[in-house]
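**Student:** Encoded as structure tokens, here's the structure I'll be asking about.
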Amino acid sequence: MANSLQDQCWALAGIAQACRCVQTVASGKALDEDASIALYKALLDQDPESVTALMSAGDFSLGLRCTTAMLHRPDEQQIQTLRYTLAVLDATSRLRKSEAATTRLANGIAALQSSDTTIPGFSSYDMPWDDLADIYVDTLGSLNRRVQINGNPNILQRRDIASKIRGLLLMGVRFAWLWHQLGGRRWHLLINRRRMWQTTQLIAQPGNPSD
């Protein structure tokens, strides 16, 4: 895959989309169907022919909007999205250093790849959230530091909510891994912030794969 700035922005948008979905679930609101399905499809596609092909398989407009906002005058909600994005990048960096955890991650995702996301009416209710959560716990959960989620404690303590949050974070890791493969580094968010903001605005325009 080409290590272009545009591809890096697509990967960042994938992380941001997963993190925004986490925020939504943690607050007790309904999950964005199109956004979550796109993330799940991308998780299952571990060997796409290109970044464009990966992102054209679903709707990543939410992630593009979040990325544009968090790179340029973010409000409180977008600052939280950015914090989660950085946390996912850090967690993925630690994950890459553990060969055993990386192997468990690959095996776990491979076990999910029999899912048919093309069937009519496929929705987030059809996703194996408990299985996704188990993979998260077995990989990211085995690391020293975990991603801390803010929200209503009564909501976060529910098993179904916890499973969705862990599953969405796992989907975010898929894009954080891609980000690193494309040459993306955390410090780029500071040094290349304006260029990334401009590029994300460009790819979010009509005619790109997210539309």
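Chain lettering (A, B, ...) mirrors the order of the structure tokens, residue numbering begins at 1 for each chain separately, and ligand numbering begins at 1 in order of display.
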Near stretch 19-29 of chain A, within 9 Å and counting only C-alpha atoms, which residues show up once chain neighbours fewer than 6 positions away are dropped, as a list in words?
**Tutor:**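 Non-adjacent residues within range: Ala35, Ser36, Leu62, Gly63, Cys66, Gln77, Gln78, Gln80, Thr81, Leu82, Tyr84, Thr85, Val88, Ile149, Asn150, Gly151, Asn152, Pro153, Ile155, Leu156, Ile161, Ala162, Lys164, Ile165, Arg166, Leu168, Leu169 and Gly172 of chain A.
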**Student:** Counting only C-alpha atoms, give me one row per residue of stretch 128-183 of chain A with an atom at most 7 Å from an atom of stretch 12-16 of chain A, showing the shortest contact pair and its distance in Å to one decimal, sorted by chain then residue number, as a Markdown table.
**Tutor:**
```
| residue | atom | partner | partner_atom | distance |
| --- | --- | --- | --- | --- |
| A:Gly172 | CA | A:Ile15 | CA | 4.6 |
| A:Phe175 | CA | A:Ile15 | CA | 5.5 |
| A:Ala176 | CA | A:Ile15 | CA | 6.3 |
| A:Trp179 | CA | A:Leu12 | CA | 6.7 |
```
**Student:** If we count only C-alpha atoms and set the cut-off at 7 Å, which residues sit around stretch 121-131 of chain A, ignoring sequence neighbours fewer than 2 positions away in its own chain? Please answer as an MDAnalysis selection string.
**Tutor:** chainID A and resid 33 36:37 117:119 133:135 163:164 167
**Student:** Measure the distance from atom CA of A:Asn154 to atom CA of A:Ala30 in Å and round it to one decimal.
**Tutor:**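 Computing the Euclidean distance for atom CA of A:Asn154 and atom CA of A:Ala30 yields 16.1 Å.
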**Student:** Which neighbours of A:Leu190 fall inside 12 Å, counting only C-alpha atoms, when residues of the same chain fewer than 5 positions from it are skipped, and could you give them as an MDAnalysis selection string?
**Tutor:** chainID A and resid 70:72 82 86 184:185 195:197
**Student:** Any idea what the distance is between atom CA of A:Tyr136 and atom CA of A:Phe60?
**Tutor:**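 Computing it gives 22.3 Å between the two atoms.
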**Student:** Expressed in Å to a single decimal, how great is the separation between atom CA of A:Arg193 and atom CA of A:Gln46?
**Tutor:**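 Distance reported for this atom pair: 27.7 Å.
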**Student:** Give the answer as one residue: which of A:Met171, A:Leu140, A:Leu44, A:Cys9 has the shortest atom-to-atom distance to A:Arg96, using only C-alpha atoms?
**Tutor:**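 Of the candidates, the smallest distance to A:Arg96 is held by A:Leu140.
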**Student:** So that I can see what lies close to A:Leu182, please list as a list in words the residues with an atom at most 10 Å from it, counting only C-alpha atoms and leaving out residues fewer than 2 positions away in the same chain.
**Tutor:** Met1, Ala2, Asn3, Ser4, Leu5, Asp7, Gln8, Cys9, Ala11, Val51, Ala176, Trp177, Leu178, Trp179, His180, Gly184 and Arg185 of chain A
**Student:** Looking at A:Arg104, A:Arg65, A:Arg145, A:Arg158, which one is nearest to A:Leu202, with distances taken over only C-alpha atoms?
**Tutor:** A:Arg65
**Student:** I need the alpha helix (DSSP H) residues of chain A per DSSP on the backbone, written as a ChimeraX atom specification.
**Tutor:** /A:5-26,33-44,51-55,61-70,76-96,99-112,129-139,153-156,159-181,188-191,193-203
**Student:** Which residue gives the smallest distance to A:Trp10 among A:Thr103, A:Thr200, A:Gln181, A:Ser115, with only C-alpha atoms counted?
**Tutor:** A:Thr200
